[in-house]
$ cat target24.pdb   # PDB, C-alpha atoms and all ligand atoms
ATOM      1  CA  MET A   1      74.931  77.532 196.728
ATOM      2  CA  ARG A   2      77.493  79.401 198.734
ATOM      3  CA  ILE A   3      80.790  79.660 196.811
ATOM      4  CA  GLU A   4      84.142  79.839 198.615
ATOM      5  CA  GLY A   5      87.642  79.892 197.094
ATOM      6  CA  TYR A   6      90.859  78.621 198.689
ATOM      7  CA  VAL A   7      94.472  79.132 197.653
ATOM      8  CA  ILE A   8      97.955  79.588 199.060
ATOM      9  CA  VAL A   9     100.388  81.655 197.021
ATOM     10  CA  SER A  10     103.943  82.938 197.191
ATOM     11  CA  ALA A  11     104.895  86.568 197.778
ATOM     12  CA  ASN A  12     104.914  87.088 193.997
ATOM     13  CA  GLY A  13     101.478  85.468 193.591
ATOM     14  CA  MET A  14     102.439  81.978 192.367
ATOM     15  CA  LEU A  15     100.406  78.887 193.298
ATOM     16  CA  ALA A  16     102.750  76.413 191.592
ATOM     17  CA  ASP A  17     106.315  76.375 190.290
ATOM     18  CA  ALA A  18     107.623  76.514 186.729
ATOM     19  CA  ASN A  19     107.113  72.718 186.403
ATOM     20  CA  GLY A  20     103.407  73.146 187.122
ATOM     21  CA  THR A  21     103.614  71.493 190.533
ATOM     22  CA  MET A  22     102.980  72.903 193.990
ATOM     23  CA  PRO A  23     106.419  72.961 195.672
ATOM     24  CA  ASP A  24     106.916  71.757 199.261
ATOM     25  CA  SER A  25     108.143  75.272 200.064
ATOM     26  CA  LEU A  26     104.501  76.409 199.674
ATOM     27  CA  LYS A  27     103.212  73.883 202.226
ATOM     28  CA  PHE A  28     102.821  75.148 205.793
ATOM     29  CA  LYS A  29     101.255  73.229 208.692
ATOM     30  CA  GLY A  30      99.031  76.133 209.738
ATOM     31  CA  ASP A  31      97.667  76.598 206.243
ATOM     32  CA  GLN A  32      97.204  72.886 205.622
ATOM     33  CA  GLU A  33      95.249  72.537 208.886
ATOM     34  CA  PHE A  34      93.044  75.504 207.976
ATOM     35  CA  PHE A  35      92.449  74.102 204.462
ATOM     36  CA  GLU A  36      91.641  70.600 205.706
ATOM     37  CA  THR A  37      89.178  71.851 208.335
ATOM     38  CA  ALA A  38      87.476  74.080 205.758
ATOM     39  CA  LEU A  39      87.083  71.269 203.230
ATOM     40  CA  ASP A  40      85.650  68.992 205.933
ATOM     41  CA  THR A  41      82.733  71.421 206.239
ATOM     42  CA  ALA A  42      82.205  71.919 202.477
ATOM     43  CA  ASP A  43      79.433  70.016 200.688
ATOM     44  CA  LEU A  44      81.167  69.950 197.321
ATOM     45  CA  ILE A  45      84.769  70.395 196.081
ATOM     46  CA  VAL A  46      85.375  71.849 192.604
ATOM     47  CA  HIS A  47      88.714  71.739 190.777
ATOM     48  CA  GLY A  48      90.527  71.273 187.490
ATOM     49  CA  ARG A  49      91.921  67.911 186.464
ATOM     50  CA  ASN A  50      95.421  68.715 187.777
ATOM     51  CA  SER A  51      94.397  69.982 191.208
ATOM     52  CA  PHE A  52      93.549  67.763 194.177
ATOM     53  CA  GLU A  53      93.706  68.478 197.882
ATOM     54  CA  ASP A  54      95.349  65.124 198.808
ATOM     55  CA  GLN A  55      94.060  64.873 202.391
ATOM     56  CA  PRO A  56      93.095  61.795 204.448
ATOM     57  CA  ARG A  57      89.342  62.426 203.996
ATOM     58  CA  SER A  58      89.588  63.359 200.288
ATOM     59  CA  PRO A  59      88.084  60.030 199.116
ATOM     60  CA  GLN A  60      84.917  60.724 201.150
ATOM     61  CA  ARG A  61      84.264  64.112 199.526
ATOM     62  CA  ARG A  62      81.845  64.700 196.687
ATOM     63  CA  ARG A  63      83.580  66.648 193.908
ATOM     64  CA  ILE A  64      83.281  68.099 190.423
ATOM     65  CA  ILE A  65      86.375  67.855 188.219
ATOM     66  CA  LEU A  66      86.702  70.125 185.170
ATOM     67  CA  THR A  67      87.998  68.523 181.985
ATOM     68  CA  THR A  68      87.685  68.945 178.236
ATOM     69  CA  LYS A  69      87.856  65.162 177.763
ATOM     70  CA  ILE A  70      84.065  64.777 177.884
ATOM     71  CA  PRO A  71      81.455  66.896 176.057
ATOM     72  CA  ALA A  72      79.374  67.991 179.062
ATOM     73  CA  LEU A  73      78.867  65.796 182.151
ATOM     74  CA  ALA A  74      79.922  62.271 183.055
ATOM     75  CA  ASP A  75      80.519  60.057 186.058
ATOM     76  CA  ASP A  76      84.212  59.701 186.867
ATOM     77  CA  PRO A  77      85.125  56.040 186.256
ATOM     78  CA  ALA A  78      88.019  56.449 188.710
ATOM     79  CA  ASN A  79      86.017  57.923 191.606
ATOM     80  CA  ALA A  80      82.394  57.133 192.478
ATOM     81  CA  LYS A  81      82.094  60.438 194.343
ATOM     82  CA  ALA A  82      83.308  62.562 191.418
ATOM     83  CA  THR A  83      81.454  64.121 188.478
ATOM     84  CA  LEU A  84      83.394  65.182 185.390
ATOM     85  CA  TRP A  85      82.302  68.554 184.000
ATOM     86  CA  ASN A  86      83.100  70.418 180.791
ATOM     87  CA  PRO A  87      81.681  73.968 181.158
ATOM     88  CA  ALA A  88      81.474  74.226 177.367
ATOM     89  CA  GLY A  89      78.609  71.707 177.455
ATOM     90  CA  ALA A  90      76.798  72.193 180.762
ATOM     91  CA  SER A  91      76.217  74.866 183.396
ATOM     92  CA  PHE A  92      77.618  74.749 186.922
ATOM     93  CA  GLU A  93      74.064  74.240 188.187
ATOM     94  CA  ASP A  94      73.676  71.196 185.915
ATOM     95  CA  ALA A  95      76.984  69.855 187.215
ATOM     96  CA  CYS A  96      75.848  70.328 190.824
ATOM     97  CA  ARG A  97      72.577  68.501 190.110
ATOM     98  CA  ARG A  98      74.503  65.644 188.491
ATOM     99  CA  ALA A  99      76.763  65.527 191.563
ATOM    100  CA  GLY A 100      73.687  65.456 193.794
ATOM    101  CA  VAL A 101      74.572  68.626 195.697
ATOM    102  CA  THR A 102      72.284  71.614 195.172
ATOM    103  CA  SER A 103      72.599  73.438 198.500
ATOM    104  CA  GLY A 104      75.317  74.206 201.008
ATOM    105  CA  THR A 105      78.882  75.289 200.264
ATOM    106  CA  ALA A 106      81.024  74.620 197.210
ATOM    107  CA  ALA A 107      84.784  74.959 197.792
ATOM    108  CA  ILE A 108      86.651  76.032 194.650
ATOM    109  CA  ILE A 109      90.294  74.930 194.937
ATOM    110  CA  GLY A 110      91.880  75.787 191.576
ATOM    111  CA  GLY A 111      93.751  75.969 189.317
ATOM    112  CA  PRO A 112      93.874  79.508 187.938
ATOM    113  CA  VAL A 113      91.331  79.107 185.131
ATOM    114  CA  VAL A 114      88.858  77.415 187.472
ATOM    115  CA  PHE A 115      89.315  80.172 190.068
ATOM    116  CA  GLU A 116      88.666  82.771 187.366
ATOM    117  CA  MET A 117      85.403  81.116 186.272
ATOM    118  CA  PHE A 118      83.863  81.797 189.687
ATOM    119  CA  MET A 119      85.359  85.265 190.181
ATOM    120  CA  ASP A 120      82.018  87.083 190.203
ATOM    121  CA  ARG A 121      80.355  84.456 192.396
ATOM    122  CA  TYR A 122      82.605  84.063 195.434
ATOM    123  CA  ASP A 123      80.943  84.820 198.745
ATOM    124  CA  THR A 124      84.385  84.523 200.331
ATOM    125  CA  PHE A 125      87.805  83.933 198.808
ATOM    126  CA  TRP A 126      90.358  82.693 201.371
ATOM    127  CA  LEU A 127      93.771  83.946 200.234
ATOM    128  CA  SER A 128      96.785  82.562 202.082
ATOM    129  CA  GLN A 129     100.156  84.080 201.245
ATOM    130  CA  ALA A 130     103.749  83.228 202.135
ATOM    131  CA  HIS A 131     105.265  86.686 202.162
ATOM    132  CA  ARG A 132     108.914  85.591 202.293
ATOM    133  CA  LEU A 133     108.756  83.054 199.463
ATOM    134  CA  ASP A 134     109.350  83.953 195.833
ATOM    135  CA  ILE A 135     108.646  81.328 193.141
ATOM    136  CA  PRO A 136     110.251  82.496 189.914
ATOM    137  CA  HIS A 137     108.459  81.712 186.624
ATOM    138  CA  GLY A 138     105.657  79.785 188.294
ATOM    139  CA  ILE A 139     101.901  79.595 187.653
ATOM    140  CA  GLY A 140     100.037  82.698 188.824
ATOM    141  CA  THR A 141      97.065  82.516 191.193
ATOM    142  CA  PHE A 142      94.727  83.808 188.479
ATOM    143  CA  PRO A 143      95.237  84.570 184.781
ATOM    144  CA  GLY A 144      97.022  87.954 184.629
ATOM    145  CA  VAL A 145      99.107  87.412 187.795
ATOM    146  CA  PRO A 146     101.925  88.514 188.361
ATOM    147  CA  ALA A 147     101.412  91.530 186.068
ATOM    148  CA  VAL A 148      98.671  92.356 188.576
ATOM    149  CA  THR A 149      98.514  91.081 192.148
ATOM    150  CA  PRO A 150      95.943  88.469 193.249
ATOM    151  CA  GLN A 151      94.581  91.114 195.622
ATOM    152  CA  ALA A 152      93.984  93.528 192.724
ATOM    153  CA  VAL A 153      92.079  90.834 190.816
ATOM    154  CA  LEU A 154      89.866  90.067 193.815
ATOM    155  CA  ALA A 155      89.191  93.775 194.401
ATOM    156  CA  ARG A 156      88.349  94.284 190.725
ATOM    157  CA  HIS A 157      85.634  91.649 191.116
ATOM    158  CA  GLY A 158      84.002  93.340 194.080
ATOM    159  CA  LEU A 159      85.648  91.470 196.948
ATOM    160  CA  LYS A 160      87.050  93.329 199.958
ATOM    161  CA  PRO A 161      89.702  92.231 202.471
ATOM    162  CA  GLY A 162      88.184  91.254 205.817
ATOM    163  CA  GLU A 163      89.739  89.502 208.771
ATOM    164  CA  ARG A 164      93.408  88.498 208.607
ATOM    165  CA  ARG A 165      94.877  85.550 210.472
ATOM    166  CA  VAL A 166      98.554  84.697 210.991
ATOM    167  CA  LEU A 167      99.103  81.050 210.009
ATOM    168  CA  ASP A 168     102.881  80.872 210.499
ATOM    169  CA  ALA A 169     104.537  83.808 212.203
ATOM    170  CA  GLY A 170     108.095  82.544 211.600
ATOM    171  CA  ALA A 171     107.605  82.180 207.845
ATOM    172  CA  ASP A 172     105.317  85.223 207.601
ATOM    173  CA  VAL A 173     102.337  83.301 206.240
ATOM    174  CA  ASP A 174      98.917  84.866 206.663
ATOM    175  CA  LEU A 175      95.329  84.294 205.577
ATOM    176  CA  THR A 176      92.902  87.012 204.490
ATOM    177  CA  ALA A 177      89.173  86.482 203.968
ATOM    178  CA  TRP A 178      88.084  88.465 200.904
ATOM    179  CA  ARG A 179      84.321  88.938 201.136
ATOM    180  CA  ARG A 180      81.567  90.355 198.983
ATOM    181  CA  ASP A 181      79.332  92.973 200.615
TER     182      ASP A 181
HETATM  183  N1  LIG B   1      98.845  76.661 195.861
HETATM  184  C1  LIG B   1      97.572  76.301 195.772
HETATM  185  O1  LIG B   1      96.762  76.580 196.670
HETATM  186  C2  LIG B   1      97.103  75.582 194.544
HETATM  187  C3  LIG B   1      95.743  75.583 194.214
HETATM  188  C4  LIG B   1      95.346  74.924 193.045
HETATM  189  C5  LIG B   1      96.291  74.294 192.243
HETATM  190  N2  LIG B   1      97.601  74.316 192.616
HETATM  191  C6  LIG B   1      98.599  73.661 191.787
HETATM  192  O2  LIG B   1      98.525  74.155 190.456
HETATM  193  C7  LIG B   1      98.875  73.101 189.572
HETATM  194  C8  LIG B   1      97.736  72.836 188.573
HETATM  195  O3  LIG B   1      97.551  73.912 187.750
HETATM  196  P1  LIG B   1      96.666  73.784 186.429
HETATM  197  O4  LIG B   1      96.656  75.114 185.782
HETATM  198  O5  LIG B   1      97.086  72.592 185.647
HETATM  199  O6  LIG B   1      95.202  73.603 187.020
HETATM  200  P2  LIG B   1      93.919  72.681 186.949
HETATM  201  O7  LIG B   1      92.792  73.625 186.725
HETATM  202  O8  LIG B   1      93.855  71.840 188.153
HETATM  203  O9  LIG B   1      94.044  71.697 185.725
HETATM  204  C9  LIG B   1      93.921  72.120 184.408
HETATM  205  C10 LIG B   1      93.063  71.120 183.695
HETATM  206  O10 LIG B   1      91.732  71.192 184.202
HETATM  207  C11 LIG B   1      90.808  71.155 183.131
HETATM  208  N3  LIG B   1      90.164  72.463 183.023
HETATM  209  C12 LIG B   1      90.509  73.630 183.641
HETATM  210  N4  LIG B   1      89.670  74.611 183.266
HETATM  211  C13 LIG B   1      88.787  74.064 182.400
HETATM  212  C14 LIG B   1      87.690  74.575 181.677
HETATM  213  N5  LIG B   1      87.319  75.866 181.764
HETATM  214  N6  LIG B   1      87.014  73.727 180.884
HETATM  215  C15 LIG B   1      87.343  72.423 180.793
HETATM  216  N7  LIG B   1      88.386  71.883 181.460
HETATM  217  C16 LIG B   1      89.094  72.692 182.246
HETATM  218  C17 LIG B   1      91.597  70.788 181.903
HETATM  219  O11 LIG B   1      91.682  69.369 181.936
HETATM  220  P3  LIG B   1      91.831  68.446 180.617
HETATM  221  O12 LIG B   1      93.259  68.548 180.238
HETATM  222  O13 LIG B   1      91.425  67.091 181.105
HETATM  223  O14 LIG B   1      90.915  68.992 179.585
HETATM  224  C18 LIG B   1      92.954  71.403 182.208
HETATM  225  O15 LIG B   1      93.999  70.802 181.496
HETATM  226  C19 LIG B   1      99.069  71.859 190.401
HETATM  227  O16 LIG B   1     100.437  71.695 190.675
HETATM  228  C20 LIG B   1      98.358  72.174 191.678
HETATM  229  O17 LIG B   1      98.919  71.497 192.786
HETATM  230  C21 LIG B   1      98.019  74.938 193.739
END
$ encode --input "target24.pdb" --output "structure tokens" --more "lines below"
Ligand SMILES: NC(=O)c1ccc[n+]([C@@H]2O[C@H](COP(=O)([O-])OP(=O)(O)OC[C@H]3O[C@@H](n4cnc5c(N)ncnc54)[C@H](OP(=O)(O)O)[C@@H]3O)[C@@H](O)[C@H]2O)c1
Amino acid sequence: MRIEGYVIVSANGMLADANGTMPDSLKFKGDQEFFETALDTADLIVHGRNSFEDQPRSPQRRRIILTTKIPALADDPANAKATLWNPAGASFEDACRRAGVTSGTAAIIGGPVVFEMFMDRYDTFWLSQAHRLDIPHGIGTFPGVPAVTPQAVLARHGLKPGERRVLDAGADVDLTAWRRD
């Protein structure tokens, strides 16, 4: 499967605030439109139990949710389109088979530990950043951020910055596609 990552972060590399929630200050129309369009074309969404894209078509999307609450794989009693996955007990490929999606694109949407699990597998990682927003004491994009930048982590795993798009000129929000050769 093709693996793509999506995140928006503050200037200091935070994807959520100190309370563990994504603040409204990190929500921008241009980024939300890009994210929604991208997820509409994905075949599978993958995220940790506390992350969810919360879009109008979210209920229609097939997804894998990481949790330690089950030993390996299980249907999600709360969502017929969701498979619960504990990586300690089953591989990603097993989880995809259980979800019924074995080709196409998987969109990885966080949080940090989930992003890190796929770090050597991303075909493209879509990094949006709000360059004028600082979130003090928040949750870093990946483990190790902010001691290192998200860009340094992506580069360390063989990804290179490609095209850059301005998503909100007034707020200085841009999007960079980090791709593997
Ligand atoms: N700015 C952005 O683009 C962006 C992107 C993603 C998330 N966020 C925000 O970040 C916050 C969530 O952060 P979070 O760190 O709590 O992320 P999370 O990965 O969504 O949730 C963590 C939970 O997922 C499960 N999990 C994660 N990795 C696992 C693993 N390797 N094995 C088994 N289970 C695993 C565990 O669930 P159990 O407790 O059930 O075991 C863990 O408690 C939210 O506010 C979200 O909105 C923002």
$ closest_atom_pairs --input "target24.pdb" --of "range 25-88 of chain A" --to "range 107-118 of chain A" --cutoff "7 Å" --atoms "only C-alpha atoms" --output "tab-separated table"
residue	atom	partner	partner_atom	distance
A:Leu39	CA	A:Ala107	CA	7.0
A:Ala42	CA	A:Ala107	CA	6.2
A:Leu44	CA	A:Ala107	CA	6.2
A:Ile45	CA	A:Ala107	CA	4.9
A:Val46	CA	A:Ile108	CA	4.8
A:His47	CA	A:Gly110	CA	5.2
A:Gly48	CA	A:Gly111	CA	6.0
A:Ser51	CA	A:Gly111	CA	6.3
$ closest_residue --input "target24.pdb" --among "A:Arg57, A:Lys69, A:His137, A:Lys29" --to "ligand LIG 1 (chain B)" --atoms "all atoms listed in the file"
A:Lys69
$ resolve_selection --input "target24.pdb" --expression "the PyMOL selection byres (((chain A and resi 141) around 12) and not hetatm)" --output "PDB file with C-alpha atoms, in the coordinates of the input"
ATOM      1  CA  GLY A   5      87.642  79.892 197.094  1.00  0.00           C
ATOM      2  CA  TYR A   6      90.859  78.621 198.689  1.00  0.00           C
ATOM      3  CA  VAL A   7      94.472  79.132 197.653  1.00  0.00           C
ATOM      4  CA  ILE A   8      97.955  79.588 199.060  1.00  0.00           C
ATOM      5  CA  VAL A   9     100.388  81.655 197.021  1.00  0.00           C
ATOM      6  CA  SER A  10     103.943  82.938 197.191  1.00  0.00           C
ATOM      7  CA  ALA A  11     104.895  86.568 197.778  1.00  0.00           C
ATOM      8  CA  ASN A  12     104.914  87.088 193.997  1.00  0.00           C
ATOM      9  CA  GLY A  13     101.478  85.468 193.591  1.00  0.00           C
ATOM     10  CA  MET A  14     102.439  81.978 192.367  1.00  0.00           C
ATOM     11  CA  LEU A  15     100.406  78.887 193.298  1.00  0.00           C
ATOM     12  CA  ALA A  16     102.750  76.413 191.592  1.00  0.00           C
ATOM     13  CA  ASP A  17     106.315  76.375 190.290  1.00  0.00           C
ATOM     14  CA  MET A  22     102.980  72.903 193.990  1.00  0.00           C
ATOM     15  CA  ILE A 109      90.294  74.930 194.937  1.00  0.00           C
ATOM     16  CA  GLY A 110      91.880  75.787 191.576  1.00  0.00           C
ATOM     17  CA  GLY A 111      93.751  75.969 189.317  1.00  0.00           C
ATOM     18  CA  PRO A 112      93.874  79.508 187.938  1.00  0.00           C
ATOM     19  CA  VAL A 113      91.331  79.107 185.131  1.00  0.00           C
ATOM     20  CA  VAL A 114      88.858  77.415 187.472  1.00  0.00           C
ATOM     21  CA  PHE A 115      89.315  80.172 190.068  1.00  0.00           C
ATOM     22  CA  GLU A 116      88.666  82.771 187.366  1.00  0.00           C
ATOM     23  CA  LEU A 127      93.771  83.946 200.234  1.00  0.00           C
ATOM     24  CA  SER A 128      96.785  82.562 202.082  1.00  0.00           C
ATOM     25  CA  GLN A 129     100.156  84.080 201.245  1.00  0.00           C
ATOM     26  CA  ILE A 135     108.646  81.328 193.141  1.00  0.00           C
ATOM     27  CA  GLY A 138     105.657  79.785 188.294  1.00  0.00           C
ATOM     28  CA  ILE A 139     101.901  79.595 187.653  1.00  0.00           C
ATOM     29  CA  GLY A 140     100.037  82.698 188.824  1.00  0.00           C
ATOM     30  CA  PHE A 142      94.727  83.808 188.479  1.00  0.00           C
ATOM     31  CA  PRO A 143      95.237  84.570 184.781  1.00  0.00           C
ATOM     32  CA  GLY A 144      97.022  87.954 184.629  1.00  0.00           C
ATOM     33  CA  VAL A 145      99.107  87.412 187.795  1.00  0.00           C
ATOM     34  CA  PRO A 146     101.925  88.514 188.361  1.00  0.00           C
ATOM     35  CA  ALA A 147     101.412  91.530 186.068  1.00  0.00           C
ATOM     36  CA  VAL A 148      98.671  92.356 188.576  1.00  0.00           C
ATOM     37  CA  THR A 149      98.514  91.081 192.148  1.00  0.00           C
ATOM     38  CA  PRO A 150      95.943  88.469 193.249  1.00  0.00           C
ATOM     39  CA  GLN A 151      94.581  91.114 195.622  1.00  0.00           C
ATOM     40  CA  ALA A 152      93.984  93.528 192.724  1.00  0.00           C
ATOM     41  CA  VAL A 153      92.079  90.834 190.816  1.00  0.00           C
ATOM     42  CA  LEU A 154      89.866  90.067 193.815  1.00  0.00           C
TER      43      LEU A 154
END
$ resolve_selection --input "target24.pdb" --expression "the PyMOL selection byres (((chain A and resi 158) around 9) and not hetatm)" --output "ChimeraX atom specification"
/A:120,154-157,159-160,179-181
$ write_last_selection --input "target24.pdb" --atoms "C-alpha atoms" --output "compact mmCIF listing (two decimals), keeping the file's coordinate frame"
# COMPACT_ATOMS: atom_id res chain seq x y z
CA ASP A 120 82.02 87.08 190.20
CA LEU A 154 89.87 90.07 193.82
CA ALA A 155 89.19 93.78 194.40
CA ARG A 156 88.35 94.28 190.72
CA HIS A 157 85.63 91.65 191.12
CA LEU A 159 85.65 91.47 196.95
CA LYS A 160 87.05 93.33 199.96
CA ARG A 179 84.32 88.94 201.14
CA ARG A 180 81.57 90.36 198.98
CA ASP A 181 79.33 92.97 200.62
$ closest_residue --input "target24.pdb" --among "A:Arg97, A:Arg2, A:Arg132, A:Arg62" --to "Leu26 in chain A" --atoms "all atoms listed in the file"
A:Arg132
$ axis_aligned_box --input "target24.pdb" --around "ligand LIG 1 (chain B)" --padding-each-side "4 Å" --output "JSON"
{"center_x": 93.7, "center_y": 71.9, "center_z": 188.1, "size_x": 21.4, "size_y": 17.6, "size_z": 25.1}
$ closest_residue --input "target24.pdb" --among "A:Asp134, A:Glu4, A:Glu53, A:Glu36" --to "ligand LIG 1 (chain B)" --atoms "all atoms listed in the file"
A:Glu53
$ closest_residue --input "target24.pdb" --among "A:Ser25, A:Thr102, A:Thr68, A:Thr83" --to "ligand LIG 1 (chain B)" --atoms "only C-alpha atoms and all ligand atoms"
A:Thr68
$ closest_residue --input "target24.pdb" --among "A:Asn79, A:Asn50, A:Asp174, A:Leu73" --to "Asp94 in chain A" --atoms "only C-alpha atoms"
A:Leu73
$ resolve_selection --input "target24.pdb" --expression "the PyMOL selection byres (((chain A and resi 30) around 12) and not hetatm)" --output "compact mmCIF listing (two decimals) with C-alpha atoms, in the frame of the given file"
# COMPACT_ATOMS: atom_id res chain seq x y z
CA ILE A 8 97.96 79.59 199.06
CA LEU A 26 104.50 76.41 199.67
CA LYS A 27 103.21 73.88 202.23
CA PHE A 28 102.82 75.15 205.79
CA LYS A 29 101.26 73.23 208.69
CA ASP A 31 97.67 76.60 206.24
CA GLN A 32 97.20 72.89 205.62
CA GLU A 33 95.25 72.54 208.89
CA PHE A 34 93.04 75.50 207.98
CA PHE A 35 92.45 74.10 204.46
CA GLU A 36 91.64 70.60 205.71
CA THR A 37 89.18 71.85 208.34
CA SER A 128 96.78 82.56 202.08
CA GLN A 129 100.16 84.08 201.24
CA ALA A 130 103.75 83.23 202.14
CA ARG A 165 94.88 85.55 210.47
CA VAL A 166 98.55 84.70 210.99
CA LEU A 167 99.10 81.05 210.01
CA ASP A 168 102.88 80.87 210.50
CA ALA A 169 104.54 83.81 212.20
CA GLY A 170 108.10 82.54 211.60
CA ALA A 171 107.60 82.18 207.84
CA ASP A 172 105.32 85.22 207.60
CA VAL A 173 102.34 83.30 206.24
CA ASP A 174 98.92 84.87 206.66
CA LEU A 175 95.33 84.29 205.58
$ closest_residue --input "target24.pdb" --among "A:Ile3, A:Ala177, A:Leu66, A:Ala38" --to "Pro87 in chain A" --atoms "all atoms listed in the file"
A:Leu66
$ atom_distance --input "target24.pdb" --atom1 "CA of Pro136 in chain A" --atom2 "atom C18 of ligand LIG 1 (chain B)"
21.9 Å
$ residues_near_point --input "target24.pdb" --point "(80.2, 67.2, 182.3)" --cutoff "12 Å" --atoms "only C-alpha atoms" --output "JSON, numbers by chain"
{"A": [64, 65, 66, 67, 68, 69, 70, 71, 72, 73, 74, 75, 76, 82, 83, 84, 85, 86, 87, 88, 89, 90, 91, 92, 93, 94, 95, 96, 97, 98, 99]}
$ atom_distance --input "target24.pdb" --atom1 "CA of Pro77 in chain A" --atom2 "atom O17 of ligand LIG 1 (chain B)"
21.7 Å
$ decode --input "target24.pdb" --residues "range 109-128 of chain A" --atoms "N, CA and C atoms" --output "PDB file, in the first residue's frame"
ATOM      1  N   ILE A 109      -2.685   9.674  10.273  1.00  0.00           N
ATOM      2  CA  ILE A 109      -3.028  11.026  10.736  1.00  0.00           C
ATOM      3  C   ILE A 109      -2.686  11.268  12.208  1.00  0.00           C
ATOM      4  N   GLY A 110      -1.823  10.441  12.805  1.00  0.00           N
ATOM      5  CA  GLY A 110      -1.330  10.733  14.138  1.00  0.00           C
ATOM      6  C   GLY A 110      -1.908   9.823  15.199  1.00  0.00           C
ATOM      7  N   GLY A 111      -1.532  10.089  16.457  1.00  0.00           N
ATOM      8  CA  GLY A 111      -0.621  11.106  16.966  1.00  0.00           C
ATOM      9  C   GLY A 111       0.849  10.741  16.793  1.00  0.00           C
ATOM     10  N   PRO A 112       1.701  11.365  17.609  1.00  0.00           N
ATOM     11  CA  PRO A 112       3.149  11.270  17.410  1.00  0.00           C
ATOM     12  C   PRO A 112       3.697   9.842  17.351  1.00  0.00           C
ATOM     13  N   VAL A 113       3.234   8.984  18.246  1.00  0.00           N
ATOM     14  CA  VAL A 113       3.775   7.612  18.269  1.00  0.00           C
ATOM     15  C   VAL A 113       3.352   6.856  17.005  1.00  0.00           C
ATOM     16  N   VAL A 114       2.144   7.107  16.559  1.00  0.00           N
ATOM     17  CA  VAL A 114       1.645   6.452  15.340  1.00  0.00           C
ATOM     18  C   VAL A 114       2.432   6.975  14.125  1.00  0.00           C
ATOM     19  N   PHE A 115       2.651   8.279  14.070  1.00  0.00           N
ATOM     20  CA  PHE A 115       3.473   8.821  12.975  1.00  0.00           C
ATOM     21  C   PHE A 115       4.838   8.136  12.954  1.00  0.00           C
ATOM     22  N   GLU A 116       5.435   7.999  14.141  1.00  0.00           N
ATOM     23  CA  GLU A 116       6.793   7.442  14.221  1.00  0.00           C
ATOM     24  C   GLU A 116       6.842   5.994  13.712  1.00  0.00           C
ATOM     25  N   MET A 117       5.786   5.232  13.985  1.00  0.00           N
ATOM     26  CA  MET A 117       5.768   3.822  13.563  1.00  0.00           C
ATOM     27  C   MET A 117       5.943   3.649  12.062  1.00  0.00           C
ATOM     28  N   PHE A 118       5.488   4.653  11.293  1.00  0.00           N
ATOM     29  CA  PHE A 118       5.517   4.527   9.830  1.00  0.00           C
ATOM     30  C   PHE A 118       6.664   5.336   9.208  1.00  0.00           C
ATOM     31  N   MET A 119       7.576   5.823  10.048  1.00  0.00           N
ATOM     32  CA  MET A 119       8.570   6.791   9.584  1.00  0.00           C
ATOM     33  C   MET A 119       9.432   6.287   8.422  1.00  0.00           C
ATOM     34  N   ASP A 120       9.711   4.999   8.392  1.00  0.00           N
ATOM     35  CA  ASP A 120      10.530   4.479   7.286  1.00  0.00           C
ATOM     36  C   ASP A 120       9.682   3.987   6.111  1.00  0.00           C
ATOM     37  N   ARG A 121       8.367   4.233   6.178  1.00  0.00           N
ATOM     38  CA  ARG A 121       7.496   3.692   5.129  1.00  0.00           C
ATOM     39  C   ARG A 121       6.749   4.761   4.342  1.00  0.00           C
ATOM     40  N   TYR A 122       6.835   6.030   4.799  1.00  0.00           N
ATOM     41  CA  TYR A 122       6.067   7.055   4.081  1.00  0.00           C
ATOM     42  C   TYR A 122       6.543   7.195   2.648  1.00  0.00           C
ATOM     43  N   ASP A 123       5.605   7.190   1.705  1.00  0.00           N
ATOM     44  CA  ASP A 123       5.927   7.621   0.345  1.00  0.00           C
ATOM     45  C   ASP A 123       5.964   9.146   0.327  1.00  0.00           C
ATOM     46  N   THR A 124       4.965   9.745   0.967  1.00  0.00           N
ATOM     47  CA  THR A 124       4.933  11.210   1.112  1.00  0.00           C
ATOM     48  C   THR A 124       4.443  11.546   2.512  1.00  0.00           C
ATOM     49  N   PHE A 125       5.083  12.529   3.131  1.00  0.00           N
ATOM     50  CA  PHE A 125       4.581  13.066   4.398  1.00  0.00           C
ATOM     51  C   PHE A 125       4.241  14.533   4.156  1.00  0.00           C
ATOM     52  N   TRP A 126       2.963  14.875   4.341  1.00  0.00           N
ATOM     53  CA  TRP A 126       2.463  16.234   4.073  1.00  0.00           C
ATOM     54  C   TRP A 126       2.538  17.036   5.366  1.00  0.00           C
ATOM     55  N   LEU A 127       3.515  17.921   5.446  1.00  0.00           N
ATOM     56  CA  LEU A 127       3.754  18.702   6.672  1.00  0.00           C
ATOM     57  C   LEU A 127       3.250  20.132   6.480  1.00  0.00           C
ATOM     58  N   SER A 128       2.164  20.447   7.184  1.00  0.00           N
ATOM     59  CA  SER A 128       1.678  21.836   7.209  1.00  0.00           C
ATOM     60  C   SER A 128       2.240  22.501   8.458  1.00  0.00           C
TER      61      SER A 128
END
